[in-house]
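K.L.:
What follows is the file query24.cif, containing mmCIF, C-alpha atoms:
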```
data_start
#
loop_
_atom_site.label_atom_id
_atom_site.label_comp_id
_atom_site.auth_asym_id
_atom_site.auth_seq_id
_atom_site.Cartn_x
_atom_site.Cartn_y
_atom_site.Cartn_z
CA MET A 26 197.72 76.93 116.50
CA ARG A 27 198.55 80.02 118.49
CA LYS A 28 200.99 81.14 115.80
CA PHE A 29 198.42 80.44 113.17
CA LEU A 30 195.86 82.70 114.89
CA GLN A 31 198.38 85.49 115.32
CA ARG A 32 199.14 85.46 111.60
CA THR A 33 195.47 85.54 110.79
CA VAL A 34 194.87 88.58 112.94
CA VAL A 35 197.86 90.38 111.50
CA ILE A 36 196.76 89.80 107.96
CA GLY A 37 193.19 90.77 108.71
CA THR A 38 194.24 93.93 110.47
CA THR A 39 196.47 94.89 107.60
CA VAL A 40 193.65 94.52 105.16
CA ALA A 41 191.37 96.51 107.42
CA VAL A 42 193.82 99.37 107.74
CA THR A 43 194.34 99.40 104.00
CA ALA A 44 190.64 99.58 103.41
CA LEU A 45 190.17 102.36 105.92
CA GLY A 46 193.05 104.21 104.40
CA ALA A 47 191.30 104.10 101.07
CA GLY A 48 188.25 105.57 102.72
CA ALA A 49 190.27 108.42 104.08
CA ALA A 50 191.47 109.21 100.59
CA TYR A 51 187.94 110.19 99.66
CA ALA A 52 187.80 112.70 102.49
CA PHE A 53 184.10 113.36 101.97
CA VAL A 54 182.87 111.80 105.10
CA ALA A 55 179.33 112.14 106.23
CA ALA A 56 178.59 115.41 107.91
CA SER A 57 178.18 113.67 111.22
CA GLY A 58 181.94 113.54 111.43
CA THR A 59 182.55 109.82 111.23
CA GLY A 60 186.04 109.03 110.02
CA SER A 61 189.47 107.73 110.91
CA SER A 62 191.74 109.48 113.34
CA SER A 63 193.87 110.85 110.53
CA GLN A 64 191.19 113.18 109.21
CA SER A 65 189.08 115.91 110.67
CA ALA A 66 185.39 116.02 110.00
CA THR A 67 183.98 118.94 108.07
CA SER A 68 181.17 120.75 109.79
CA ALA A 69 177.77 119.96 108.41
CA ALA A 70 177.19 123.69 108.10
CA ASN A 71 179.79 123.79 105.33
CA TYR A 72 177.76 121.49 103.13
CA ARG A 73 175.40 123.54 101.07
CA LEU A 74 173.23 123.06 98.02
CA ASP A 75 172.25 126.04 95.94
CA VAL A 76 168.78 125.38 94.63
CA THR A 77 166.77 127.42 92.15
CA VAL A 78 163.32 126.72 90.79
CA SER A 79 162.20 128.23 87.52
CA GLN A 80 158.98 128.41 85.58
CA PRO A 81 158.75 131.72 83.73
CA ALA A 82 155.34 131.44 82.11
CA THR A 83 152.09 132.83 83.47
CA LEU A 84 149.87 129.93 84.39
CA VAL A 85 146.75 129.31 82.36
CA PRO A 86 144.17 126.71 83.42
CA GLY A 87 144.43 123.62 81.30
CA THR A 88 148.01 124.22 80.24
CA THR A 89 150.96 122.32 81.68
CA GLN A 90 154.21 124.17 82.28
CA THR A 91 157.61 122.65 82.90
CA VAL A 92 159.30 123.46 86.20
CA THR A 93 163.08 123.27 86.29
CA VAL A 94 164.94 122.69 89.53
CA THR A 95 168.66 123.43 89.37
CA VAL A 96 170.97 122.16 92.08
CA THR A 97 174.60 123.10 92.60
CA ASN A 98 176.82 121.58 95.25
CA ARG A 99 178.54 124.50 96.98
CA GLY A 100 180.04 122.38 99.73
CA PRO A 101 183.65 121.30 100.14
CA ALA A 102 183.11 117.72 98.96
CA LYS A 103 180.78 115.34 97.25
CA VAL A 104 177.13 115.36 98.22
CA ARG A 105 174.54 112.74 97.52
CA ILE A 106 171.05 113.84 96.55
CA SER A 107 168.10 111.59 96.05
CA THR A 108 164.95 113.67 96.21
CA ALA A 109 163.62 116.86 94.67
CA THR A 110 160.14 117.82 95.77
CA LEU A 111 157.86 120.59 94.56
CA SER A 112 155.20 122.04 96.82
CA LEU A 113 152.81 124.96 96.96
CA GLY A 114 153.03 127.77 99.45
CA THR A 115 150.26 128.80 101.79
CA LEU A 116 146.84 129.66 100.44
CA PRO A 117 146.99 133.18 98.98
CA SER A 118 144.62 135.73 100.43
CA GLY A 119 141.28 135.80 98.67
CA VAL A 120 141.71 132.45 96.95
CA ASP A 121 139.23 129.66 97.62
CA GLN A 122 140.80 126.46 98.89
CA ALA A 123 138.86 124.43 96.32
CA ALA A 124 140.27 126.54 93.51
CA TYR A 125 143.79 126.32 94.96
CA ASP A 126 143.43 122.56 95.08
CA THR A 127 143.06 122.47 91.31
CA ILE A 128 146.76 123.29 91.02
CA LYS A 129 148.54 120.03 90.39
CA LEU A 130 152.25 119.33 90.61
CA ASN A 131 154.08 116.59 88.80
CA GLN A 132 157.13 115.79 90.89
CA PRO A 133 160.56 115.57 89.23
CA ALA A 134 161.84 112.09 88.62
CA VAL A 135 165.07 111.98 90.59
CA LEU A 136 167.56 109.17 90.57
CA ALA A 137 169.96 109.23 93.47
CA GLN A 138 173.23 110.77 92.41
CA VAL A 139 176.41 112.19 93.82
CA LEU A 140 177.37 115.74 92.95
CA ASP A 141 180.99 116.73 92.92
CA LYS A 142 182.03 120.00 94.44
CA ASP A 143 180.57 122.83 92.32
CA GLU A 144 178.78 120.38 90.06
CA THR A 145 175.30 121.31 88.87
CA THR A 146 172.39 119.15 87.89
CA THR A 147 168.81 119.87 86.90
CA PHE A 148 165.51 118.13 87.38
CA THR A 149 162.25 118.84 85.65
CA GLY A 150 158.74 118.54 86.94
CA SER A 151 155.59 120.31 85.89
CA ILE A 152 152.73 122.40 87.16
CA GLN A 153 149.21 122.67 85.88
CA ILE A 154 146.04 124.41 86.91
CA GLN A 155 143.31 122.00 85.96
CA ASP A 156 140.63 123.39 83.69
CA SER A 157 137.69 122.59 85.92
CA ALA A 158 134.05 122.53 84.88
CA THR A 159 132.94 121.94 88.45
CA VAL A 160 135.15 124.13 90.62
CA ASP A 161 134.82 127.89 90.37
CA GLN A 162 138.38 129.08 89.81
CA THR A 163 137.56 132.77 89.55
CA SER A 164 139.27 133.56 92.86
CA LEU A 165 142.50 132.10 91.52
CA LEU A 166 142.68 134.28 88.43
CA ASP A 167 145.22 137.11 88.46
CA LYS A 168 146.64 135.87 91.74
CA THR A 169 150.19 135.02 92.72
CA PHE A 170 151.27 132.06 94.82
CA THR A 171 154.52 130.48 95.88
CA LEU A 172 156.08 127.39 94.36
CA ASN A 173 158.70 125.70 96.52
CA ALA A 174 161.41 123.19 95.70
CA ASN A 175 163.20 121.09 98.27
CA VAL A 176 166.22 119.01 97.37
CA SER A 177 167.92 116.55 99.69
CA MET B 15 195.26 74.19 105.02
CA ARG B 16 197.21 76.36 107.41
CA ARG B 17 197.44 79.15 104.83
CA THR B 18 193.98 78.86 103.36
CA ILE B 19 192.01 79.81 106.45
CA PRO B 20 193.80 83.10 107.23
CA VAL B 21 193.62 84.26 103.61
CA ALA B 22 189.93 83.53 103.45
CA LEU B 23 189.39 85.35 106.72
CA ALA B 24 191.35 88.36 105.56
CA ALA B 25 189.47 88.47 102.29
CA SER B 26 186.18 88.43 104.16
CA VAL B 27 187.28 91.32 106.30
CA ALA B 28 188.38 93.26 103.26
CA VAL B 29 185.16 92.68 101.41
CA ALA B 30 183.14 93.65 104.45
CA LEU B 31 185.06 96.88 104.85
CA LEU B 32 185.07 97.79 101.19
CA SER B 33 181.37 97.21 100.93
CA THR B 34 180.81 99.87 103.56
CA GLN B 35 182.86 102.47 101.71
CA PRO B 36 180.06 103.98 99.60
CA ALA B 37 178.26 105.04 102.77
CA PHE B 38 181.20 107.30 103.54
CA ALA B 39 181.82 108.53 100.02
CA TYR B 40 179.67 111.63 100.22
CA ALA B 41 177.82 113.94 102.54
CA ARG B 42 174.09 114.46 102.80
CA THR B 43 172.57 117.89 102.94
CA SER B 44 169.60 119.73 101.54
CA GLY B 45 168.58 122.96 99.87
CA THR B 46 165.37 124.83 99.15
CA ALA B 47 164.14 127.43 96.72
CA ALA B 48 160.93 129.32 96.13
CA MET B 49 159.48 131.37 93.34
CA SER B 50 156.32 133.29 92.63
CA GLN B 51 153.82 131.93 90.16
CA HIS B 52 151.23 134.16 88.57
CA VAL B 53 147.90 133.04 87.20
CA VAL B 54 146.45 134.64 84.11
CA ALA B 55 143.84 137.29 84.79
CA GLY B 56 141.27 136.11 82.31
CA ARG B 57 139.42 138.39 79.93
CA PRO B 58 135.99 139.82 80.63
CA LEU B 59 132.96 137.74 79.80
CA THR B 60 130.72 139.55 77.37
CA ALA B 61 127.13 139.44 76.18
CA PRO B 62 126.13 141.46 73.12
CA ASN B 63 123.26 143.89 73.08
CA ALA B 64 120.05 142.20 72.09
CA PRO B 65 116.49 143.32 71.23
CA VAL B 66 113.33 142.19 72.98
CA THR B 67 109.79 143.04 71.94
CA VAL B 68 107.57 143.91 74.84
CA GLY B 69 103.84 143.38 75.22
CA SER B 70 101.38 145.82 76.61
CA LYS B 71 101.21 147.68 79.88
CA GLY B 72 99.54 145.52 82.49
CA ASP B 73 100.66 142.17 81.11
CA PRO B 74 101.11 139.91 84.13
CA THR B 75 104.58 138.82 83.03
CA GLY B 76 107.16 140.82 81.21
CA ALA B 77 108.69 139.80 77.92
CA PRO B 78 111.45 137.27 78.51
CA ALA B 79 114.93 137.84 77.20
CA THR B 80 117.97 135.62 77.09
CA ALA B 81 121.54 136.85 77.20
CA THR B 82 124.24 135.03 75.29
CA VAL B 83 127.42 135.12 77.32
CA THR B 84 130.70 134.58 75.49
CA ASN B 85 133.86 133.31 77.17
CA PRO B 86 136.92 134.58 75.27
CA ASP B 87 139.33 132.45 77.32
CA GLY B 88 140.32 128.93 76.49
CA PHE B 89 139.28 127.57 79.86
CA HIS B 90 136.09 127.40 81.89
CA ARG B 91 134.80 130.63 83.36
CA TRP B 92 131.98 131.28 85.76
CA VAL B 93 129.09 133.69 85.57
CA HIS B 94 128.17 135.11 88.96
CA SER B 95 125.84 137.89 87.90
CA LEU B 96 124.06 139.27 84.86
CA THR B 97 122.56 142.71 84.76
CA ALA B 98 120.41 143.98 81.91
CA ALA B 99 120.02 147.67 81.12
CA PHE B 100 118.02 149.79 78.70
CA VAL B 101 119.86 151.05 75.64
CA SER B 102 117.16 152.23 73.25
CA SER B 103 113.58 151.73 72.12
CA SER B 104 112.05 151.36 68.68
CA LYS B 105 109.70 154.15 69.66
CA SER B 106 111.65 157.37 69.81
CA ASN B 107 109.65 158.91 72.61
CA CYS B 108 110.13 155.94 74.92
CA THR B 109 112.92 155.99 77.50
CA ALA B 110 114.24 153.74 80.22
CA ALA B 111 111.60 155.14 82.54
CA ASP B 112 108.90 153.52 80.40
CA TYR B 113 110.15 149.99 81.05
CA GLN B 114 110.74 147.78 84.04
CA ILE B 115 113.74 145.55 83.48
CA SER B 116 114.44 142.60 85.78
CA SER B 117 117.69 140.70 85.87
CA PRO B 118 118.38 137.20 87.20
CA THR B 119 118.87 136.97 90.93
CA SER B 120 122.51 136.94 91.97
CA PRO B 121 124.65 135.12 92.72
CA LEU B 122 124.51 132.85 89.75
CA HIS B 123 126.68 129.76 89.49
CA LEU B 124 126.90 129.12 85.79
CA THR B 125 129.91 127.88 83.92
CA VAL B 126 130.90 128.70 80.36
CA ALA B 127 133.24 126.36 78.53
CA GLY B 128 136.48 127.69 77.10
CA ASN B 129 135.87 129.79 73.99
CA GLY B 130 132.22 128.90 74.36
CA THR B 131 128.89 130.63 74.84
CA LEU B 132 126.12 130.20 77.35
CA SER B 133 122.49 131.29 77.17
CA VAL B 134 121.44 132.90 80.43
CA PRO B 135 117.68 133.27 80.88
CA GLY B 136 115.85 135.18 83.57
CA VAL B 137 115.70 138.67 82.11
CA THR B 138 112.26 140.18 81.70
CA VAL B 139 111.11 143.52 80.33
CA ALA B 140 107.71 144.96 81.16
CA VAL B 141 106.29 148.16 79.69
CA THR B 142 104.94 150.77 82.09
CA SER B 143 103.58 153.32 79.59
CA THR B 144 100.82 152.51 77.15
CA ASN B 145 102.41 154.62 74.44
CA CYS B 146 105.32 152.20 74.47
CA ASN B 147 103.24 149.06 74.01
CA LYS B 148 104.57 146.56 71.45
CA SER B 149 107.85 148.41 71.16
CA THR B 150 111.19 146.74 70.77
CA VAL B 151 113.78 147.47 73.43
CA THR B 152 117.48 146.97 72.97
CA LEU B 153 119.19 145.71 76.11
CA SER B 154 122.82 145.72 77.14
CA TYR B 155 124.27 143.18 79.53
CA THR B 156 126.92 143.37 82.18
CA VAL B 157 128.40 140.03 83.16
CA GLY B 158 130.08 139.55 86.49
#
```
Can you give me the file's structure in the form of structure tokens?
P.N.:
Amino acid sequence: MRKFLQRTVVIGTTVAVTALGAGAAYAFVAASGTGSSSQSATSAANYRLDVTVSQPATLVPGTTQTVTVTVTNRGPAKVRISTATLSLGTLPSGVDQAAYDTIKLNQPAVLAQVLDKDETTTFTGSIQIQDSATVDQTSLLDKTFTLNANVS
Amino acid sequence: MRRTIPVALAASVAVALLSTQPAFAYARTSGTAAMSQHVVAGRPLTAPNAPVTVGSKGDPTGAPATATVTNPDGFHRWVHSLTAAFVSSSKSNCTAADYQISSPTSPLHLTVAGNGTLSVPGVTVAVTSTNCNKSTVTLSYTVG
């Protein structure tokens, strides 16, 4: 029985080491630094996503415009992304809050995916200023505001 | 039996370890971007000149007039003020000084549908000189 247990442990350990070795072959360990002793963790600071958000048209109430979010993995290894969120900046000077609230964002539909090093992907959402018959949007006309995109 | 148990155990360990591999197969990080968005300015609301025939000096109420405001944009716009002004009179010797023109009290809160028109009442014209009685005055409108 003792010999039997020893063999079991040996086999199990061998499998475990093999599996861990396969993990090391990926070498894109989480930025927290978890990994086997044979590899060094890459600093989280080295992982970087280049993100751009684009919507070239002037906004007109009642018209929906497509917003494109482009993401490029500039880090040293694969990165997983699962969310891309659009948001508005702070209320511009001279704009009524009620008018600003008529700006509606349609968030990009993002399926979790892994980007290789230097790989680029795009997501599309949309933005619309509602054509309101009840909210005075005069203060919003000819104004500029900020549209943000956050990808993680 | 002696060989079956260790193989099963080893396989379980392997499966357990392999199933954890995806969690280590990538890093997680984030990125942000911002851009400026500009909103169309909108074109001026307009109301064409329009005639109004006045009564006689001393009438308790002036002659009412209605402005027709046009929205050239394809979305709702708001009228905040309307100001009427004298342009001309059907009687050549009558001037702006011979009439008292009243405009609606500001601020107004009136909406005009996209590419639509809106009648704005509240303008009155009274004559202050008897020689201008029953004349027709042409008014211009400024829409704010």
K.L.:
Using all atoms listed in the file, which protein or nucleic acid residues come within 10 Å of segment 94-103 of chain B? Drop anything in the same chain fewer than 5 positions from it, and give the result as a PyMOL selection string.
P.N.:
(chain A and resi 161+163) or (chain B and resi 61+63-67+79-81+83+108-125+134-139+146+149-158)
K.L.:
Name the residues in contact with Asp73 of chain B at a cut-off of 9 Å, using all atoms listed in the file, excluding same-chain residues fewer than 3 positions from it; report them as a ChimeraX atom specification.
P.N.:
/B:69-70,76-77,140-141
K.L.:
Determine, counting all atoms listed in the file, every residue of protein, DNA or RNA that lies within 10 Å of (162.4, 111.9, 86.9) in the file coordinates, then give the result as a PyMOL selection string.
P.N.:
chain A and resi 108-109+131-136+148-150
K.L.:
Carefully work through the PyMOL selection byres ((chain B) within 6 of (chain A)) for this structure and note down the residues it includes, as a PyMOL selection string.
P.N.:
chain B and resi 20+24+28+38-55+89
K.L.:
Apply the PyMOL selection byres ((chain B and resi 88) around 6) to the file shown and report the selected residues as a ChimeraX atom specification.
P.N.:
/B:87,89,128-129
K.L.:
As an exercise, work out the distance from atom CA of Gln122 of chain A to atom CA of Leu132 of chain B in Å and give it to one decimal place.
P.N.:
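That distance, rounded to one decimal, is 26.3 Å.
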K.L.:
Between B:Ala127, B:Ser106, B:Val68, B:Thr75, which is the closest to Trp92 of chain B once you count only C-alpha atoms?
P.N.:
B:Ala127
K.L.:
One number please: atom CA of Ser151 of chain A to atom CA of Asp126 of chain A, in Å, one decimal.
P.N.:
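If I compute the distance from atom CA of Ser151 of chain A to atom CA of Asp126 of chain A, I get 15.4 Å.
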K.L.:
For atom CA of Pro58 of chain B and atom CA of Ala124 of chain A, determine how far apart the two atoms are, in Å to one decimal place.
P.N.:
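Separation of atom CA of Pro58 of chain B and atom CA of Ala124 of chain A: 19.0 Å.
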K.L.:
Which of these, B:Pro62, B:Lys105, B:Gly72, B:Val126, has the shortest distance to Asn85 of chain B once you count all atoms listed in the file?
P.N.:
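For Asn85 of chain B, the nearest of the given residues is B:Val126.
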